[in-house]
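The structure appears below as structure tokens.
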Amino acid sequence: MAEARFSIYRYDPERNDKPTMQDYTLADVGDDMMLLDALLELKKKDETLGFRRSCREGVCGSDAMNINGRNGLACITPLAELKQPVTLRPLPGRPVIRDLIVDLSQFYQQYRAVKPYLTVHDPLPEVELLQSPEDREKLDGLYECILCACCSTACPSFWWNPDKFRGPAALLQSWRFLADSRDQDTDARLDDLQGPYKLFRCHTIMSCVDVCPKGLNPTRAIGKIKDLMIKRSV
Amino acid sequence: MALRRRKFDSLIIGAGGGGLRAALQLSQADAQVAVVSKVFPTRSHTVAAQGGVNAALANVSEDNWHWHMFDTIKGSDYLGDQDAIEYMCRAASRIVYELEHSGVPFSRLDNGRIYQRAFGGQSKNFGGDQATRTCAAADRTGHAILHSLYQQNIRAKTHFFDEYFAIDLIKDDAGYVLGALVMEIETGEPLLIEAKTTLLATGGAGQLFRTTTNALINTGDGMAMALRAGVPLQDMEFFQFHPTGIAGKGMLITEGVRGEGGYLVNGEGERFMERYAPHAKDLASRDVVSRAIFIEIRDGRGCGPNKDHVLLKVDHLGPDVIKKRLPGIRDLCLTFLHSDPIESPIPVSPTAHYTMGGIPTNRFGQVVTPERHGPEEVVPGLYAAGECACVSVHGANRLGGNSLLDILVFGRAAANHIIDTLKESRYHRGIPDASIEQAMARLARWDQKGEGESVEGLRAELTKAMEDHCGVFREQAILDEGVKKVQALAARMGDVRLTDHSKIFNTARIEALELENLMDIALATVTSAQARTESRGAHSRVDFPDRDDEHWLKHSLYFHDGTLDYKPVRMKPMSVDSFPPKARVY
């Protein structure tokens, strides 16, 4: 590949009141370059370009953005697989702070609201709580979430009710603890999710599953929570 | 505008495993604690730790903390402080059980206990057969631990300052550290956080090198802050090169791959570690394996068209083991190599990984420095824990699985000491304006406009110089030139100018501040390496191939003015007999 073209959302609240799309070109891009590598190259030329990044390998969740219309992590998205010009926008539905950097505070608030921590009421032993490999396996596909926010910001229900609907990321974590054989807070967790919004605004559109860069399935997790609620009520 | 101020009992800078473990302990003790982090906590580099955390739980085979202690001391090439190592290894089991209780989804054995795997440099019975000591959550142990600790901090209602960058420590004339000046990244506004105690938990400086397993945020900020506050950095010449980074790219391939039975082969298809470490083979200490790979490549026995790497063979483990125990590694290979380790071996080469050196502390996490009366006087109010600190439990070479243990044990130990300190200090001391002004000047410096060098240009030159002059093998002439080069680069820092002077989420300014920090740490590293004329652990001198206990069984201390000092290694453990230096063979 010789050259790559980009169209990138720019917004700096100090300089201009309207966001614009800015074109960039990068010469001599390598075959195995990731999108993040390209962004780092662009930043060398234009240090005003703002985006978050850290681990470069898809585990820290910093560099989530909307890439050609689809949410993903720049560091594990091969540049060669992207149609040009590569159009980069901030994650949708969240207030933009600057360029590709969005304000995720409401996303984090919803995460905190599901009490995403193991709760054990019994006295704790001096050694580990036992868990069978089969029970541990139930956490696979749940605990790996990196809180990148790709899913929740791709979810139409979250766009409309980000203050009331917990969103796929938070609900995946809710199920992660409901599914944990060690957790003893099932009733309280389910009680907390009652009502028309927190859980039930999920209309199984499955955008979350489509975009999750870790291959996780929040829709299935939400379905399991709903099943458990029904099971409890009968 | 008046400088905004907040007041807490305790300030923690850094929200990786060390900072979060300390924060949890403090919040649970009802201390008012502020955690400042330049990234949202779960983006901290602990998240990238893969293989596991060492503790002699004996879930798989017989084990005890005393064997773990011996392995750690031997691994450190006898430069580790034996009191701190005893403390860490004794505390290990409890710290892992606590983690489990806090929700970490450890992999499990059939009997429901925590899964443990083999890792490098670990033995039964003081150098006997391979031990199975590393507690793992698949190959995402750091992620599992970091998220669980963050979650428990949510429960404990710890106060977080997410995306705040620490500028400098605030200190009074009596030498007390009284908090820090930080900057809210979103607004660019400075904020003074006053605290009776300040804990630095800012991680390592892997961004010193061009090819590194480390995240872009690992710029040694806390170490440089300590240096500027008059604290020396200890043992900075000891930088670990991990044997298995993805060749040319740097992503970490955990030692757990070899722990699960993977092994290295050279271009001739030979399992070459048998020659270098006949007993431990591929699970010898990291310094030993990295040197072996380096020698194989140097002598023309590398793999690939350029013979510049070796291969890590795993396909014989079978798809079940790989999918269950090493899913993250498989993902990395599929993403970055477009190949599946179930079918093809992984190209690897030694890659910059871990800063053994750091801010000198005792085993309570208190920062210690030679001041008036002795080499280890406490800096009042200042603590450090984790990779930014040098307790020293890793000495000249860290064992795999001991870094997660270090951050947890000493994060908690520091918090416990802070809790005691808070009982004695009822009031905040007054903050002198001069200290604030000094820190504000560091920030204001980047408002300078005009022509100048770029941050990126200087940073690229720095990481290249470090790679060329301070790598796996070192010798006098190359180090001398390295010191000159880095000094010349440091001298050019004053000419660097930003073109972006905006306030709101200005990442260019953060990178400039980070480069300043890196520059100080590069000087510390290369200067300490130049002076040490022996080979010990990760510091391998071609011109001084042997360990020299007579002259060099001592810690280096590098000061901000470029001078070096030394202090003795603590050879006396807390309760057991000392392990005297022996020849180190694996």
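Just remember, in the structure tokens the first chain shown is A, the second B, etc., residues are 1-based per chain, and ligands are 1-based in the order shown.
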Quick one: which residues from chain A are at most 8 Å off chain B, using only C-alpha atoms, as a ChimeraX atom specification? /A:12-14,32,44,47-48,50-51,53-57,59-62,76,97-98,112,115-118,124,126-133,136,139,143-144,146-147
Residue contacts of segment 238-249 of chain B (8 Å, only C-alpha atoms) excluding same-chain residues fewer than 4 positions away, as an mmCIF file with all heavy atoms, in the first residue's frame:
```cif
data_model
loop_
_atom_site.group_PDB
_atom_site.id
_atom_site.type_symbol
_atom_site.label_atom_id
_atom_site.label_comp_id
_atom_site.auth_asym_id
_atom_site.auth_seq_id
_atom_site.Cartn_x
_atom_site.Cartn_y
_atom_site.Cartn_z
ATOM 1 N N THR B 211 11.576 -0.493 20.999
ATOM 2 C CA THR B 211 10.725 -1.674 20.953
ATOM 3 C C THR B 211 10.480 -2.122 22.380
ATOM 4 O O THR B 211 11.420 -2.469 23.101
ATOM 5 C CB THR B 211 11.391 -2.802 20.150
ATOM 6 O OG1 THR B 211 11.764 -2.271 18.881
ATOM 7 C CG2 THR B 211 10.433 -3.950 19.938
ATOM 8 N N THR B 212 9.229 -2.105 22.782
ATOM 9 C CA THR B 212 8.903 -2.343 24.185
ATOM 10 C C THR B 212 7.565 -3.042 24.303
ATOM 11 O O THR B 212 6.693 -2.860 23.451
ATOM 12 C CB THR B 212 8.887 -1.001 24.959
ATOM 13 O OG1 THR B 212 8.406 -1.227 26.291
ATOM 14 C CG2 THR B 212 7.993 0.029 24.291
ATOM 15 N N THR B 213 7.426 -3.837 25.362
ATOM 16 C CA THR B 213 6.119 -4.435 25.643
ATOM 17 C C THR B 213 5.213 -3.421 26.327
ATOM 18 O O THR B 213 4.043 -3.679 26.535
ATOM 19 C CB THR B 213 6.254 -5.624 26.607
ATOM 20 O OG1 THR B 213 6.739 -5.151 27.872
ATOM 21 C CG2 THR B 213 7.208 -6.691 26.080
ATOM 22 N N ILE B 253 4.500 -11.731 24.863
ATOM 23 C CA ILE B 253 4.011 -13.114 24.857
ATOM 24 C C ILE B 253 4.423 -13.711 26.201
ATOM 25 O O ILE B 253 5.599 -13.930 26.465
ATOM 26 C CB ILE B 253 4.623 -13.933 23.698
ATOM 27 C CG1 ILE B 253 4.264 -13.305 22.339
ATOM 28 C CG2 ILE B 253 4.158 -15.390 23.766
ATOM 29 C CD1 ILE B 253 2.798 -13.339 21.970
ATOM 30 N N THR B 254 3.458 -13.973 27.046
ATOM 31 C CA THR B 254 3.757 -14.342 28.428
ATOM 32 C C THR B 254 4.692 -15.545 28.554
ATOM 33 O O THR B 254 4.657 -16.468 27.744
ATOM 34 C CB THR B 254 2.455 -14.638 29.212
ATOM 35 O OG1 THR B 254 2.803 -15.116 30.507
ATOM 36 C CG2 THR B 254 1.604 -15.692 28.527
ATOM 37 N N GLU B 255 5.486 -15.487 29.637
ATOM 38 C CA GLU B 255 6.312 -16.619 30.028
ATOM 39 C C GLU B 255 5.442 -17.849 30.301
ATOM 40 O O GLU B 255 5.901 -18.986 30.252
ATOM 41 C CB GLU B 255 7.037 -16.205 31.319
ATOM 42 C CG GLU B 255 8.189 -17.057 31.727
ATOM 43 C CD GLU B 255 9.017 -16.327 32.798
ATOM 44 O OE1 GLU B 255 9.672 -15.326 32.442
ATOM 45 O OE2 GLU B 255 8.981 -16.731 33.956
ATOM 46 N N ARG B 286 14.657 -14.764 33.266
ATOM 47 C CA ARG B 286 14.469 -13.980 32.031
ATOM 48 C C ARG B 286 15.774 -13.425 31.470
ATOM 49 O O ARG B 286 15.972 -13.400 30.255
ATOM 50 C CB ARG B 286 13.508 -12.834 32.295
ATOM 51 C CG ARG B 286 12.094 -13.330 32.418
ATOM 52 C CD ARG B 286 11.123 -12.208 32.646
ATOM 53 N NE ARG B 286 9.789 -12.771 32.720
ATOM 54 C CZ ARG B 286 8.715 -12.083 33.095
ATOM 55 N NH1 ARG B 286 8.830 -10.813 33.439
ATOM 56 N NH2 ARG B 286 7.540 -12.663 33.129
ATOM 57 N N ASP B 287 16.669 -12.951 32.352
ATOM 58 C CA ASP B 287 17.930 -12.406 31.852
ATOM 59 C C ASP B 287 18.708 -13.477 31.097
ATOM 60 O O ASP B 287 19.285 -13.220 30.038
ATOM 61 C CB ASP B 287 18.758 -11.794 33.001
ATOM 62 C CG ASP B 287 19.054 -12.768 34.132
ATOM 63 O OD1 ASP B 287 18.289 -13.742 34.295
ATOM 64 O OD2 ASP B 287 20.052 -12.564 34.848
ATOM 65 N N VAL B 289 17.512 -16.226 29.560
ATOM 66 C CA VAL B 289 16.871 -16.599 28.298
ATOM 67 C C VAL B 289 17.048 -15.476 27.258
ATOM 68 O O VAL B 289 17.339 -15.740 26.086
ATOM 69 C CB VAL B 289 15.374 -16.928 28.507
ATOM 70 C CG1 VAL B 289 14.729 -17.348 27.193
ATOM 71 C CG2 VAL B 289 15.202 -18.023 29.550
ATOM 72 N N SER B 290 16.930 -14.238 27.690
ATOM 73 C CA SER B 290 17.100 -13.120 26.742
ATOM 74 C C SER B 290 18.517 -13.096 26.163
ATOM 75 O O SER B 290 18.702 -12.884 24.964
ATOM 76 C CB SER B 290 16.820 -11.780 27.432
ATOM 77 O OG SER B 290 15.433 -11.558 27.483
ATOM 78 N N ILE B 293 18.898 -15.930 23.575
ATOM 79 C CA ILE B 293 18.272 -15.609 22.279
ATOM 80 C C ILE B 293 19.155 -14.623 21.519
ATOM 81 O O ILE B 293 19.415 -14.782 20.319
ATOM 82 C CB ILE B 293 16.861 -15.020 22.482
ATOM 83 C CG1 ILE B 293 15.930 -16.044 23.126
ATOM 84 C CG2 ILE B 293 16.285 -14.521 21.152
ATOM 85 C CD1 ILE B 293 14.553 -15.498 23.495
ATOM 86 N N HIS B 309 15.186 -13.257 14.671
ATOM 87 C CA HIS B 309 14.352 -13.679 15.802
ATOM 88 C C HIS B 309 14.475 -15.193 15.981
ATOM 89 O O HIS B 309 15.150 -15.861 15.194
ATOM 90 C CB HIS B 309 12.896 -13.274 15.567
ATOM 91 C CG HIS B 309 12.277 -13.883 14.339
ATOM 92 N ND1 HIS B 309 12.209 -13.233 13.122
ATOM 93 C CD2 HIS B 309 11.719 -15.091 14.136
ATOM 94 C CE1 HIS B 309 11.615 -14.011 12.228
ATOM 95 N NE2 HIS B 309 11.313 -15.140 12.821
ATOM 96 N N LEU B 312 8.951 -19.453 19.071
ATOM 97 C CA LEU B 312 8.373 -20.036 20.280
ATOM 98 C C LEU B 312 7.328 -21.050 19.824
ATOM 99 O O LEU B 312 6.308 -20.693 19.247
ATOM 100 C CB LEU B 312 7.742 -18.924 21.125
ATOM 101 C CG LEU B 312 7.007 -19.317 22.405
ATOM 102 C CD1 LEU B 312 7.901 -20.117 23.341
ATOM 103 C CD2 LEU B 312 6.484 -18.068 23.106
ATOM 104 N N ILE B 346 5.501 -18.896 17.150
ATOM 105 C CA ILE B 346 5.436 -17.441 17.273
ATOM 106 C C ILE B 346 6.845 -16.858 17.163
ATOM 107 O O ILE B 346 7.733 -17.247 17.919
ATOM 108 C CB ILE B 346 4.836 -17.048 18.652
ATOM 109 C CG1 ILE B 346 3.529 -17.812 18.913
ATOM 110 C CG2 ILE B 346 4.619 -15.549 18.727
ATOM 111 C CD1 ILE B 346 3.027 -17.703 20.351
ATOM 112 N N PRO B 347 7.079 -15.928 16.213
ATOM 113 C CA PRO B 347 8.390 -15.277 16.132
ATOM 114 C C PRO B 347 8.584 -14.303 17.294
ATOM 115 O O PRO B 347 7.759 -13.422 17.498
ATOM 116 C CB PRO B 347 8.329 -14.533 14.789
ATOM 117 C CG PRO B 347 6.872 -14.336 14.514
ATOM 118 C CD PRO B 347 6.138 -15.455 15.183
ATOM 119 N N VAL B 348 9.663 -14.497 18.047
ATOM 120 C CA VAL B 348 9.880 -13.662 19.237
ATOM 121 C C VAL B 348 11.323 -13.173 19.316
ATOM 122 O O VAL B 348 12.227 -13.786 18.745
ATOM 123 C CB VAL B 348 9.556 -14.436 20.540
ATOM 124 C CG1 VAL B 348 8.075 -14.751 20.641
ATOM 125 C CG2 VAL B 348 10.395 -15.707 20.656
ATOM 126 N N SER B 349 11.523 -12.070 20.013
ATOM 127 C CA SER B 349 12.871 -11.601 20.329
ATOM 128 C C SER B 349 12.818 -10.784 21.623
ATOM 129 O O SER B 349 11.766 -10.300 22.014
ATOM 130 C CB SER B 349 13.448 -10.782 19.168
ATOM 131 O OG SER B 349 12.605 -9.699 18.873
ATOM 132 N N PRO B 350 13.985 -10.656 22.299
ATOM 133 C CA PRO B 350 14.005 -9.940 23.574
ATOM 134 C C PRO B 350 13.534 -8.492 23.405
ATOM 135 O O PRO B 350 13.953 -7.806 22.471
ATOM 136 C CB PRO B 350 15.483 -9.987 23.981
ATOM 137 C CG PRO B 350 16.035 -11.178 23.286
ATOM 138 C CD PRO B 350 15.307 -11.227 21.972
ATOM 139 N N THR B 351 12.683 -8.054 24.307
ATOM 140 C CA THR B 351 12.005 -6.761 24.184
ATOM 141 C C THR B 351 11.980 -6.064 25.545
ATOM 142 O O THR B 351 11.719 -6.711 26.558
ATOM 143 C CB THR B 351 10.560 -7.002 23.692
ATOM 144 O OG1 THR B 351 10.602 -7.745 22.477
ATOM 145 C CG2 THR B 351 9.836 -5.688 23.432
ATOM 146 N N ALA B 352 12.249 -4.750 25.528
ATOM 147 C CA ALA B 352 12.261 -3.976 26.772
ATOM 148 C C ALA B 352 10.958 -4.173 27.530
ATOM 149 O O ALA B 352 9.869 -4.099 26.948
ATOM 150 C CB ALA B 352 12.462 -2.495 26.462
ATOM 151 N N HIS B 353 11.060 -4.431 28.838
ATOM 152 C CA HIS B 353 9.854 -4.882 29.541
ATOM 153 C C HIS B 353 9.654 -4.286 30.920
ATOM 154 O O HIS B 353 8.549 -3.899 31.268
ATOM 155 C CB HIS B 353 9.911 -6.408 29.641
ATOM 156 C CG HIS B 353 8.715 -7.035 30.276
ATOM 157 N ND1 HIS B 353 7.449 -6.875 29.768
ATOM 158 C CD2 HIS B 353 8.580 -7.829 31.372
ATOM 159 C CE1 HIS B 353 6.582 -7.560 30.520
ATOM 160 N NE2 HIS B 353 7.246 -8.123 31.512
ATOM 161 N N TYR B 354 10.709 -4.201 31.748
ATOM 162 C CA TYR B 354 10.450 -3.898 33.165
ATOM 163 C C TYR B 354 11.603 -3.129 33.791
ATOM 164 O O TYR B 354 12.774 -3.463 33.590
ATOM 165 C CB TYR B 354 10.232 -5.202 33.934
ATOM 166 C CG TYR B 354 9.805 -4.986 35.360
ATOM 167 C CD1 TYR B 354 8.466 -4.794 35.691
ATOM 168 C CD2 TYR B 354 10.747 -4.950 36.390
ATOM 169 C CE1 TYR B 354 8.076 -4.578 37.000
ATOM 170 C CE2 TYR B 354 10.361 -4.732 37.706
ATOM 171 C CZ TYR B 354 9.021 -4.555 38.003
ATOM 172 O OH TYR B 354 8.634 -4.338 39.295
ATOM 173 N N THR B 355 11.255 -2.108 34.587
ATOM 174 C CA THR B 355 12.244 -1.284 35.280
ATOM 175 C C THR B 355 12.476 -1.847 36.680
ATOM 176 O O THR B 355 11.646 -1.662 37.565
ATOM 177 C CB THR B 355 11.725 0.170 35.407
ATOM 178 O OG1 THR B 355 11.065 0.539 34.188
ATOM 179 C CG2 THR B 355 12.849 1.139 35.683
ATOM 180 N N MET B 356 13.581 -2.588 36.862
ATOM 181 C CA MET B 356 13.851 -3.136 38.198
ATOM 182 C C MET B 356 14.162 -2.009 39.184
ATOM 183 O O MET B 356 13.849 -2.088 40.358
ATOM 184 C CB MET B 356 15.037 -4.103 38.164
ATOM 185 C CG MET B 356 14.668 -5.575 38.084
ATOM 186 S SD MET B 356 14.317 -6.126 36.408
ATOM 187 C CE MET B 356 15.921 -6.089 35.645
ATOM 188 N N GLY B 357 14.848 -0.990 38.696
ATOM 189 C CA GLY B 357 15.215 0.121 39.565
ATOM 190 C C GLY B 357 14.028 1.025 39.847
ATOM 191 O O GLY B 357 12.919 0.794 39.368
ATOM 192 N N GLY B 395 15.994 -6.801 42.704
ATOM 193 C CA GLY B 395 17.436 -6.709 42.547
ATOM 194 C C GLY B 395 17.835 -6.466 41.112
ATOM 195 O O GLY B 395 17.367 -5.511 40.478
ATOM 196 N N ALA B 396 18.672 -7.346 40.584
ATOM 197 C CA ALA B 396 19.216 -7.157 39.245
ATOM 198 C C ALA B 396 18.383 -7.832 38.167
ATOM 199 O O ALA B 396 18.642 -7.665 36.978
ATOM 200 C CB ALA B 396 20.647 -7.686 39.188
ATOM 201 N N ASN B 397 17.392 -8.626 38.588
ATOM 202 C CA ASN B 397 16.559 -9.326 37.607
ATOM 203 C C ASN B 397 15.293 -9.809 38.296
ATOM 204 O O ASN B 397 15.357 -10.511 39.292
ATOM 205 C CB ASN B 397 17.309 -10.534 37.031
ATOM 206 C CG ASN B 397 16.413 -11.431 36.193
ATOM 207 O OD1 ASN B 397 15.954 -11.050 35.129
ATOM 208 N ND2 ASN B 397 16.139 -12.631 36.691
ATOM 209 N N ARG B 398 14.152 -9.429 37.734
ATOM 210 C CA ARG B 398 12.877 -9.825 38.335
ATOM 211 C C ARG B 398 12.412 -11.172 37.798
ATOM 212 O O ARG B 398 12.543 -11.449 36.609
ATOM 213 C CB ARG B 398 11.803 -8.772 38.019
ATOM 214 C CG ARG B 398 10.424 -9.175 38.488
ATOM 215 C CD ARG B 398 9.396 -8.085 38.310
ATOM 216 N NE ARG B 398 9.028 -7.826 36.934
ATOM 217 C CZ ARG B 398 8.232 -8.600 36.197
ATOM 218 N NH1 ARG B 398 7.755 -9.741 36.682
ATOM 219 N NH2 ARG B 398 7.918 -8.267 34.954
ATOM 220 N N VAL B 472 20.609 -5.272 25.757
ATOM 221 C CA VAL B 472 20.839 -6.531 26.472
ATOM 222 C C VAL B 472 22.311 -6.693 26.836
ATOM 223 O O VAL B 472 22.655 -7.049 27.958
ATOM 224 C CB VAL B 472 20.357 -7.724 25.611
ATOM 225 C CG1 VAL B 472 20.735 -9.054 26.258
ATOM 226 C CG2 VAL B 472 18.850 -7.647 25.400
ATOM 227 N N THR B 525 19.457 5.893 33.917
ATOM 228 C CA THR B 525 19.690 4.512 33.501
ATOM 229 C C THR B 525 21.066 4.354 32.868
ATOM 230 O O THR B 525 21.851 3.478 33.252
ATOM 231 C CB THR B 525 18.592 4.096 32.491
ATOM 232 O OG1 THR B 525 17.316 4.299 33.106
ATOM 233 C CG2 THR B 525 18.736 2.643 32.078
ATOM 234 N N ALA B 529 24.455 2.540 34.419
ATOM 235 C CA ALA B 529 24.993 1.395 33.667
ATOM 236 C C ALA B 529 26.465 1.597 33.326
ATOM 237 O O ALA B 529 27.269 0.671 33.376
ATOM 238 C CB ALA B 529 24.172 1.184 32.398
ATOM 239 N N GLY B 537 22.690 -10.038 36.825
ATOM 240 C CA GLY B 537 21.297 -10.023 36.373
ATOM 241 C C GLY B 537 21.175 -9.452 34.984
ATOM 242 O O GLY B 537 21.874 -9.853 34.053
ATOM 243 N N ALA B 538 20.281 -8.487 34.841
ATOM 244 C CA ALA B 538 19.986 -7.932 33.522
ATOM 245 C C ALA B 538 21.089 -7.016 33.003
ATOM 246 O O ALA B 538 21.067 -6.630 31.827
ATOM 247 C CB ALA B 538 18.673 -7.150 33.573
ATOM 248 N N HIS B 539 22.024 -6.648 33.851
ATOM 249 C CA HIS B 539 23.112 -5.755 33.420
ATOM 250 C C HIS B 539 24.296 -6.624 32.980
ATOM 251 O O HIS B 539 25.077 -7.094 33.809
ATOM 252 C CB HIS B 539 23.494 -4.835 34.580
ATOM 253 C CG HIS B 539 24.625 -3.888 34.267
ATOM 254 N ND1 HIS B 539 24.534 -2.896 33.318
ATOM 255 C CD2 HIS B 539 25.864 -3.788 34.799
ATOM 256 C CE1 HIS B 539 25.687 -2.219 33.279
ATOM 257 N NE2 HIS B 539 26.505 -2.746 34.162
#
```
Residue neighbourhood Gln184 of chain A, 9 Å, only C-alpha atoms, exclusion window fewer than 3 positions, as a PDB file with N, CA and C atoms, in the first residue's frame:
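Generated file (out_19.pdb):
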```pdb
ATOM      1  N   LEU A 118     -17.856  -8.331  43.413  1.00  0.00           N
ATOM      2  CA  LEU A 118     -18.279  -9.574  44.047  1.00  0.00           C
ATOM      3  C   LEU A 118     -18.754  -9.270  45.458  1.00  0.00           C
ATOM      4  N   THR A 119     -19.938  -9.774  45.791  1.00  0.00           N
ATOM      5  CA  THR A 119     -20.474  -9.567  47.130  1.00  0.00           C
ATOM      6  C   THR A 119     -20.720 -10.916  47.780  1.00  0.00           C
ATOM      7  N   VAL A 120     -20.074 -11.117  48.902  1.00  0.00           N
ATOM      8  CA  VAL A 120     -20.218 -12.375  49.642  1.00  0.00           C
ATOM      9  C   VAL A 120     -20.685 -12.010  51.045  1.00  0.00           C
ATOM     10  N   HIS A 121     -21.800 -12.567  51.472  1.00  0.00           N
ATOM     11  CA  HIS A 121     -22.320 -12.236  52.802  1.00  0.00           C
ATOM     12  C   HIS A 121     -21.793 -13.176  53.879  1.00  0.00           C
ATOM     13  N   ASP A 122     -21.489 -14.419  53.500  1.00  0.00           N
ATOM     14  CA  ASP A 122     -20.992 -15.385  54.476  1.00  0.00           C
ATOM     15  C   ASP A 122     -19.611 -14.966  54.977  1.00  0.00           C
ATOM     16  N   LEU A 178     -23.856 -11.939  38.499  1.00  0.00           N
ATOM     17  CA  LEU A 178     -24.974 -12.869  38.706  1.00  0.00           C
ATOM     18  C   LEU A 178     -24.555 -14.298  38.370  1.00  0.00           C
ATOM     19  N   ASP A 180     -21.616 -15.555  38.710  1.00  0.00           N
ATOM     20  CA  ASP A 180     -20.464 -16.022  39.491  1.00  0.00           C
ATOM     21  C   ASP A 180     -20.956 -16.847  40.678  1.00  0.00           C
ATOM     22  N   SER A 181     -20.564 -18.109  40.723  1.00  0.00           N
ATOM     23  CA  SER A 181     -21.046 -19.009  41.777  1.00  0.00           C
ATOM     24  C   SER A 181     -20.701 -18.504  43.181  1.00  0.00           C
ATOM     25  N   ASP A 187     -30.530 -11.507  44.551  1.00  0.00           N
ATOM     26  CA  ASP A 187     -31.829 -10.831  44.687  1.00  0.00           C
ATOM     27  C   ASP A 187     -31.697  -9.317  44.578  1.00  0.00           C
TER      28      ASP A 187
END
```
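Proximity ranking of A:Pro218, A:Pro162, A:Cys155, A:Gln194 relative to Ile230 of chain A places A:Gln194 first, based on only C-alpha atoms.
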d(atom CA of Thr204 of chain A, atom CA of Ser174 of chain A) in Å: 16.8 Å
Name the residues of segment 138-200 of chain B that fall into helix (DSSP H, G or I) according to DSSP on the backbone, using the chain letters and numbers of this document, as a PyMOL selection string. chain B and resi 141-155
For Ile8 of chain A, work out the shell of residues within 8 Å, counting only C-alpha atoms and skipping chain neighbours fewer than 5 positions away, then give it as number ranges by chain. A: 21-24, 86-89
Those residues with N, CA and C atoms, as a JSON list (two decimals), in the first residue's frame please?
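Output file result.json is given in full below:
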```json
[["chain", "number", "residue", "atom", "x", "y", "z"],
["A", 21, "MET", "N", -14.74, 18.11, 9.30],
["A", 21, "MET", "CA", -14.01, 16.90, 8.91],
["A", 21, "MET", "C", -12.74, 17.36, 8.21],
["A", 22, "GLN", "N", -11.61, 16.86, 8.68],
["A", 22, "GLN", "CA", -10.34, 17.29, 8.10],
["A", 22, "GLN", "C", -9.70, 16.12, 7.33],
["A", 23, "ASP", "N", -9.20, 16.42, 6.13],
["A", 23, "ASP", "CA", -8.55, 15.38, 5.34],
["A", 23, "ASP", "C", -7.07, 15.28, 5.68],
["A", 24, "TYR", "N", -6.59, 14.07, 5.74],
["A", 24, "TYR", "CA", -5.17, 13.81, 5.96],
["A", 24, "TYR", "C", -4.71, 12.75, 4.97],
["A", 86, "VAL", "N", -10.43, 6.71, 5.07],
["A", 86, "VAL", "CA", -10.86, 6.16, 6.35],
["A", 86, "VAL", "C", -11.52, 7.30, 7.14],
["A", 87, "THR", "N", -12.81, 7.12, 7.43],
["A", 87, "THR", "CA", -13.53, 8.18, 8.12],
["A", 87, "THR", "C", -13.57, 7.88, 9.62],
["A", 88, "LEU", "N", -12.99, 8.80, 10.39],
["A", 88, "LEU", "CA", -12.92, 8.59, 11.83],
["A", 88, "LEU", "C", -13.74, 9.65, 12.54],
["A", 89, "ARG", "N", -14.63, 9.17, 13.39],
["A", 89, "ARG", "CA", -15.44, 10.06, 14.21],
["A", 89, "ARG", "C", -15.37, 9.59, 15.65]]
```
Point out the residue among A:Leu228, A:Val102, A:Val114, A:Val211 with the least atom-to-atom distance to Arg189 of chain A, counting only C-alpha atoms. A:Val114
For Phe107 of chain A: contacts at 10 Å, only C-alpha atoms, fewer than 4 positions along chain excluded, given as JSON, numbers by chain: {"A": [94, 103, 111, 112, 113, 147, 148, 149, 152, 153, 158, 162, 163, 166, 167, 169, 170]}
Now that the selection is made, can you save its residues with C-alpha atoms as a PDB file, in the first residue's frame?
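The file below, out31.pdb, is the result:
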```pdb
ATOM      1  CA  ARG A  94     -21.556  11.041  23.871  1.00  0.00           C
ATOM      2  CA  ASP A 103     -16.893  12.341  27.679  1.00  0.00           C
ATOM      3  CA  TYR A 111     -21.189   0.793  35.106  1.00  0.00           C
ATOM      4  CA  ARG A 112     -20.868   1.800  38.767  1.00  0.00           C
ATOM      5  CA  ALA A 113     -24.646   1.629  39.147  1.00  0.00           C
ATOM      6  CA  LEU A 147     -14.782  -0.910  29.222  1.00  0.00           C
ATOM      7  CA  CYS A 148     -13.927   0.598  25.849  1.00  0.00           C
ATOM      8  CA  ALA A 149     -17.577   1.717  25.426  1.00  0.00           C
ATOM      9  CA  SER A 152     -22.975   1.084  24.692  1.00  0.00           C
ATOM     10  CA  THR A 153     -22.228   3.922  22.285  1.00  0.00           C
ATOM     11  CA  PHE A 158     -28.448   3.907  25.107  1.00  0.00           C
ATOM     12  CA  PRO A 162     -28.211   7.107  28.539  1.00  0.00           C
ATOM     13  CA  ASP A 163     -29.346   8.291  31.965  1.00  0.00           C
ATOM     14  CA  ARG A 166     -27.740   0.827  31.988  1.00  0.00           C
ATOM     15  CA  GLY A 167     -26.455  -0.067  28.539  1.00  0.00           C
ATOM     16  CA  ALA A 169     -21.430  -2.836  28.919  1.00  0.00           C
ATOM     17  CA  ALA A 170     -22.865  -2.344  32.394  1.00  0.00           C
TER      18      ALA A 170
END
```
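The gap separating atom CA of Gly562 of chain B from atom CA of Ile478 of chain B is 18.6 Å, in Å to one decimal.
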Would you pick out the contacts of Met34 of chain A at 10 Å or less, using only C-alpha atoms, so that residues sharing its chain but fewer than 4 positions from it are not included, and give the list as a list in words? Val29, Gly30, Ala38, Leu39, Arg56, Glu57, Leu73, Ala74, Cys75, Ile76, Thr77, Pro78, Leu79, Ala80 and Glu81 of chain A; Thr335 and Phe336 of chain B
